[in-house]
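Source file: structure25.cif; contents: mmCIF, C-alpha atoms and all ligand atoms.
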```cif
data_query
loop_
_atom_site.group_PDB
_atom_site.id
_atom_site.type_symbol
_atom_site.label_atom_id
_atom_site.label_comp_id
_atom_site.auth_asym_id
_atom_site.auth_seq_id
_atom_site.Cartn_x
_atom_site.Cartn_y
_atom_site.Cartn_z
ATOM 1 C CA MET J 158 -100.012 -101.144 60.058
ATOM 2 C CA ALA J 159 -101.203 -100.109 56.623
ATOM 3 C CA GLU J 160 -103.468 -101.739 54.093
ATOM 4 C CA VAL J 161 -101.980 -101.373 50.646
ATOM 5 C CA LEU J 162 -103.946 -102.088 47.472
ATOM 6 C CA LEU J 163 -101.879 -104.336 45.221
ATOM 7 C CA CYS J 164 -104.159 -105.360 42.372
ATOM 8 C CA GLN J 165 -107.531 -106.727 41.353
ATOM 9 C CA ARG J 166 -108.408 -110.399 41.854
ATOM 10 C CA ASN J 167 -108.400 -111.169 38.150
ATOM 11 C CA ASP J 168 -104.994 -109.575 37.603
ATOM 12 C CA LEU J 169 -103.361 -112.751 38.890
ATOM 13 C CA GLU J 170 -104.153 -116.267 37.695
ATOM 14 C CA SER J 171 -103.945 -119.289 39.978
ATOM 15 C CA GLY J 172 -100.442 -120.732 39.935
ATOM 16 C CA THR J 173 -98.724 -117.411 39.311
ATOM 17 C CA ALA J 174 -96.968 -114.746 41.348
ATOM 18 C CA ARG J 175 -96.137 -111.112 40.840
ATOM 19 C CA ARG J 176 -93.785 -108.678 42.528
ATOM 20 C CA PHE J 177 -94.949 -105.432 44.069
ATOM 21 C CA ASP J 178 -92.794 -102.755 45.644
ATOM 22 C CA HIS J 179 -94.131 -100.464 48.339
ATOM 23 C CA GLU J 180 -91.927 -97.940 50.120
ATOM 24 C CA GLY J 181 -88.913 -100.212 50.085
ATOM 25 C CA THR J 182 -90.779 -103.442 50.878
ATOM 26 C CA ARG J 183 -90.613 -106.105 48.172
ATOM 27 C CA ILE J 184 -93.708 -108.291 48.154
ATOM 28 C CA ALA J 185 -94.375 -111.467 46.182
ATOM 29 C CA LEU J 186 -98.112 -111.956 45.786
ATOM 30 C CA ALA J 187 -99.074 -115.495 44.771
ATOM 31 C CA ARG J 188 -102.443 -116.969 43.899
ATOM 32 C CA VAL J 189 -103.434 -120.566 44.630
ATOM 33 C CA GLY J 190 -106.975 -121.236 43.521
ATOM 34 C CA ASP J 191 -109.023 -118.427 45.049
ATOM 35 C CA GLN J 192 -106.521 -117.788 47.814
ATOM 36 C CA PHE J 193 -103.837 -115.107 47.781
ATOM 37 C CA PHE J 194 -100.582 -115.185 49.725
ATOM 38 C CA ALA J 195 -98.065 -112.408 50.264
ATOM 39 C CA ILE J 196 -94.478 -113.110 51.255
ATOM 40 C CA GLY J 197 -91.240 -111.196 51.174
ATOM 41 C CA ASP J 198 -89.963 -111.166 47.615
ATOM 42 C CA ARG J 199 -86.376 -111.870 48.565
ATOM 43 C CA CYS J 200 -85.106 -115.425 48.773
ATOM 44 C CA SER J 201 -83.424 -116.062 52.116
ATOM 45 C CA HIS J 202 -80.605 -117.976 50.414
ATOM 46 C CA GLU J 203 -79.432 -115.111 48.243
ATOM 47 C CA ASP J 204 -81.042 -111.886 47.178
ATOM 48 C CA PHE J 205 -83.289 -113.119 44.399
ATOM 49 C CA SER J 206 -86.889 -112.331 43.529
ATOM 50 C CA LEU J 207 -89.158 -115.215 44.561
ATOM 51 C CA SER J 208 -91.983 -113.952 42.363
ATOM 52 C CA LEU J 209 -89.965 -115.087 39.340
ATOM 53 C CA GLY J 210 -90.279 -118.693 40.507
ATOM 54 C CA ALA J 211 -92.909 -121.357 40.006
ATOM 55 C CA VAL J 212 -95.996 -121.485 42.219
ATOM 56 C CA HIS J 213 -96.936 -125.062 43.109
ATOM 57 C CA VAL J 214 -100.667 -125.149 43.720
ATOM 58 C CA ASP J 215 -100.620 -128.759 44.958
ATOM 59 C CA THR J 216 -98.300 -128.005 47.873
ATOM 60 C CA CYS J 217 -98.980 -124.240 48.220
ATOM 61 C CA GLU J 218 -95.308 -123.450 47.772
ATOM 62 C CA ILE J 219 -93.193 -121.153 45.665
ATOM 63 C CA GLU J 220 -89.878 -122.331 44.251
ATOM 64 C CA CYS J 221 -86.961 -119.964 43.897
ATOM 65 C CA GLU J 222 -85.904 -119.891 40.271
ATOM 66 C CA ARG J 223 -82.246 -119.387 41.104
ATOM 67 C CA HIS J 224 -81.261 -122.513 43.054
ATOM 68 C CA GLY J 225 -84.562 -124.305 43.628
ATOM 69 C CA ALA J 226 -85.350 -123.719 47.296
ATOM 70 C CA SER J 227 -89.066 -123.872 48.074
ATOM 71 C CA PHE J 228 -91.033 -121.799 50.564
ATOM 72 C CA ASP J 229 -94.394 -122.534 52.161
ATOM 73 C CA LEU J 230 -96.700 -119.724 51.059
ATOM 74 C CA THR J 231 -98.798 -119.983 54.222
ATOM 75 C CA SER J 232 -95.947 -119.694 56.727
ATOM 76 C CA GLY J 233 -92.927 -118.448 54.785
ATOM 77 C CA ALA J 234 -90.960 -121.477 55.998
ATOM 78 C CA ALA J 235 -88.108 -122.745 53.869
ATOM 79 C CA VAL J 236 -89.072 -126.318 53.036
ATOM 80 C CA SER J 237 -86.142 -127.338 50.856
ATOM 81 C CA PHE J 238 -82.442 -126.554 50.492
ATOM 82 C CA PRO J 239 -80.427 -124.522 49.910
ATOM 83 C CA ALA J 240 -82.587 -122.053 51.854
ATOM 84 C CA THR J 241 -83.012 -122.705 55.582
ATOM 85 C CA VAL J 242 -84.340 -119.375 56.867
ATOM 86 C CA PRO J 243 -88.002 -118.390 56.484
ATOM 87 C CA VAL J 244 -89.172 -115.332 54.575
ATOM 88 C CA ALA J 245 -91.637 -112.758 55.851
ATOM 89 C CA THR J 246 -95.348 -113.291 55.395
ATOM 90 C CA TYR J 247 -97.990 -110.599 55.203
ATOM 91 C CA GLU J 248 -101.722 -110.727 55.798
ATOM 92 C CA VAL J 249 -103.768 -110.490 52.605
ATOM 93 C CA ILE J 250 -107.253 -108.987 52.530
ATOM 94 C CA VAL J 251 -109.530 -109.656 49.571
ATOM 95 C CA ASP J 252 -112.167 -106.927 49.564
ATOM 96 C CA GLY J 253 -114.529 -107.472 46.661
ATOM 97 C CA ASP J 254 -112.198 -107.410 43.670
ATOM 98 C CA ASP J 255 -109.436 -105.594 45.519
ATOM 99 C CA VAL J 256 -106.440 -107.542 46.789
ATOM 100 C CA LYS J 257 -104.698 -105.729 49.626
ATOM 101 C CA VAL J 258 -101.752 -106.540 51.821
ATOM 102 C CA VAL J 259 -101.255 -105.454 55.419
ATOM 103 C CA LEU J 260 -97.784 -104.068 55.998
ATOM 104 C CA PRO J 261 -96.288 -103.327 59.422
HETATM 105 S S1 LIG D 1 -81.213 -117.593 45.662
HETATM 106 FE FE1 LIG D 1 -83.047 -118.691 46.080
HETATM 107 S S2 LIG D 1 -82.370 -120.737 46.359
HETATM 108 FE FE2 LIG D 1 -80.538 -119.610 46.021
#
```
For the structure just supplied, provide its representation as structure tokens.
Ligand code: FES
Amino acid sequence: MAEVLLCQRNDLESGTARRFDHEGTRIALARVGDQFFAIGDRCSHEDFSLSLGAVHVDTCEIECERHGASFDLTSGAAVSFPATVPVATYEVIVDGDDVKVVLP
């Protein structure tokens, strides 16, 4: 397990996501209010970057820009078609202004 510094809190506004790459792992970091969520940045329907999609703060989901599947940011579950398989989730640690992710 490794804690990896991704960014500062204010680098990401609520309702947005950004992609980070760390040693071959693609991470989509999303912000909903003051909470941060990290999921695998690869749609389970096809290989497409989820961080390019819309973050829905009301439902805490991210919508794949390619075909519209949505994923629960808290669990990684696919909540709408055409995706049916969940994506990975990673623990996020907010340490002061630092936003870190825990990678296996
Ligand atoms: S690639 Fe994401 S829904 Fe098709």
Residues matched by the PyMOL selection byres (((chain J and resi 258) around 12) and not hetatm), written as a VMD selection string: chain J and resid 158 to 165 177 to 179 182 to 187 193 to 197 246 to 252 255 to 257 259 to 261
Given all atoms listed in the file as the counted atoms, nearest of J:Thr173, J:Asn167, J:Ser232, J:Ser237 to Val214 of chain J: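 Smallest distance to Val214 of chain J is found for J:Thr173.
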Spell out the residues picked by the PyMOL selection byres (((not hetatm)) within 7 of (chain D and resi 1)) here, as a list of chain:residue names.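 Selection result, ordered by chain and number: J:Cys200, J:Ser201, J:His202, J:Glu203, J:Asp204, J:Phe205, J:Cys221, J:Glu222, J:Arg223, J:His224, J:Gly225, J:Ala226, J:Pro239, J:Ala240.
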For segment 240-250 of chain J, what centre and edge lengths in Å (one decimal) does the axis-aligned box get once 3 Å is added on each side of all its listed atoms, as AutoDock Vina command-line options?
```
--center_x -94.9 --center_y -115.8 --center_z 54.4 --size_x 30.7 --size_y 19.7 --size_z 11.0
```
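Closest approach to Leu209 of chain J among J:Val242, J:Val189, J:Ala174, J:Leu169 is made by J:Ala174 (distances from only C-alpha atoms).
Atom to atom, atom CA of Cys217 of chain J and atom CA of Thr231 of chain J stand 7.4 Å apart.
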For atom CA of Pro243 of chain J and atom CA of Ser171 of chain J, quote the distance in Å rounded to one decimal. 23.0 Å
Distance of atom CA of Ile219 of chain J from atom CA of Gly233 of chain J, expressed in Å to one decimal place: 9.5 Å
Which residue is closest to Ser206 of chain J? Choose from J:Val236, J:Leu230, J:Gly190, J:Arg176 and count all atoms listed in the file. J:Arg176
Just checking: using all atoms listed in the file, which residue out of J:Arg166, J:Gly172, J:Asp254, J:Val244 ends up closest to Asp215 of chain J? J:Gly172
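Distances here use only C-alpha atoms; by that measure, the residue among J:Glu218, J:Gly181, J:Arg199, J:Val212 closest to Ala245 of chain J is J:Arg199.
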Output segment 225-256 of chain J with N, CA and C atoms present, as a short mmCIF file (atom, residue, chain, number, x, y, z; two decimals), keeping the file's coordinate frame.
```cif
data_model
loop_
_atom_site.label_atom_id
_atom_site.label_comp_id
_atom_site.auth_asym_id
_atom_site.auth_seq_id
_atom_site.Cartn_x
_atom_site.Cartn_y
_atom_site.Cartn_z
N GLY J 225 -83.56 -123.27 43.41
CA GLY J 225 -84.56 -124.30 43.63
C GLY J 225 -85.10 -124.48 45.03
N ALA J 226 -84.76 -123.61 45.96
CA ALA J 226 -85.35 -123.72 47.30
C ALA J 226 -86.85 -123.42 47.21
N SER J 227 -87.62 -124.11 48.05
CA SER J 227 -89.07 -123.87 48.07
C SER J 227 -89.48 -123.28 49.41
N PHE J 228 -90.50 -122.45 49.37
CA PHE J 228 -91.03 -121.80 50.56
C PHE J 228 -92.52 -122.06 50.65
N ASP J 229 -92.97 -122.35 51.89
CA ASP J 229 -94.39 -122.53 52.16
C ASP J 229 -95.07 -121.17 52.09
N LEU J 230 -96.05 -121.03 51.22
CA LEU J 230 -96.70 -119.72 51.06
C LEU J 230 -97.53 -119.34 52.28
N THR J 231 -97.96 -120.31 53.07
CA THR J 231 -98.80 -119.98 54.22
C THR J 231 -97.98 -119.51 55.42
N SER J 232 -96.75 -120.01 55.54
CA SER J 232 -95.95 -119.69 56.73
C SER J 232 -94.64 -118.98 56.41
N GLY J 233 -94.22 -119.01 55.16
CA GLY J 233 -92.93 -118.45 54.78
C GLY J 233 -91.77 -119.38 55.07
N ALA J 234 -92.04 -120.55 55.63
CA ALA J 234 -90.96 -121.48 56.00
C ALA J 234 -90.22 -121.98 54.76
N ALA J 235 -88.91 -122.11 54.92
CA ALA J 235 -88.11 -122.74 53.87
C ALA J 235 -88.31 -124.25 53.99
N VAL J 236 -88.76 -124.89 52.94
CA VAL J 236 -89.07 -126.32 53.04
C VAL J 236 -88.09 -127.17 52.23
N SER J 237 -87.18 -126.54 51.52
CA SER J 237 -86.14 -127.34 50.86
C SER J 237 -84.88 -126.51 50.69
N PHE J 238 -83.75 -127.20 50.64
CA PHE J 238 -82.44 -126.55 50.49
C PHE J 238 -82.31 -125.94 49.11
N PRO J 239 -81.44 -124.95 48.95
CA PRO J 239 -80.43 -124.52 49.91
C PRO J 239 -80.89 -123.47 50.92
N ALA J 240 -82.13 -123.03 50.87
CA ALA J 240 -82.59 -122.05 51.85
C ALA J 240 -82.96 -122.77 53.16
N THR J 241 -82.66 -122.14 54.28
CA THR J 241 -83.01 -122.70 55.58
C THR J 241 -83.75 -121.70 56.46
N VAL J 242 -83.75 -120.45 56.07
CA VAL J 242 -84.34 -119.38 56.87
C VAL J 242 -85.68 -118.97 56.24
N PRO J 243 -86.71 -118.78 57.05
CA PRO J 243 -88.00 -118.39 56.48
C PRO J 243 -87.98 -116.98 55.90
N VAL J 244 -88.97 -116.70 55.08
CA VAL J 244 -89.17 -115.33 54.58
C VAL J 244 -90.40 -114.75 55.27
N ALA J 245 -90.51 -113.45 55.21
CA ALA J 245 -91.64 -112.76 55.85
C ALA J 245 -92.95 -113.14 55.17
N THR J 246 -94.01 -113.13 55.96
CA THR J 246 -95.35 -113.29 55.40
C THR J 246 -96.17 -112.07 55.79
N TYR J 247 -97.13 -111.75 54.95
CA TYR J 247 -97.99 -110.60 55.20
C TYR J 247 -99.45 -111.02 55.05
N GLU J 248 -100.29 -110.45 55.89
CA GLU J 248 -101.72 -110.73 55.80
C GLU J 248 -102.28 -110.16 54.50
N VAL J 249 -103.12 -110.94 53.83
CA VAL J 249 -103.77 -110.49 52.60
C VAL J 249 -105.26 -110.32 52.89
N ILE J 250 -105.81 -109.24 52.41
CA ILE J 250 -107.25 -108.99 52.53
C ILE J 250 -107.82 -108.90 51.12
N VAL J 251 -108.82 -109.75 50.84
CA VAL J 251 -109.53 -109.66 49.57
C VAL J 251 -110.85 -108.96 49.86
N ASP J 252 -111.01 -107.78 49.29
CA ASP J 252 -112.17 -106.93 49.56
C ASP J 252 -112.89 -106.70 48.24
N GLY J 253 -113.89 -107.54 47.98
CA GLY J 253 -114.53 -107.47 46.66
C GLY J 253 -113.52 -107.93 45.62
N ASP J 254 -113.21 -107.07 44.68
CA ASP J 254 -112.20 -107.41 43.67
C ASP J 254 -110.81 -106.92 44.05
N ASP J 255 -110.73 -106.15 45.12
CA ASP J 255 -109.44 -105.59 45.52
C ASP J 255 -108.63 -106.60 46.33
N VAL J 256 -107.35 -106.71 46.00
CA VAL J 256 -106.44 -107.54 46.79
C VAL J 256 -105.47 -106.61 47.49
#
```
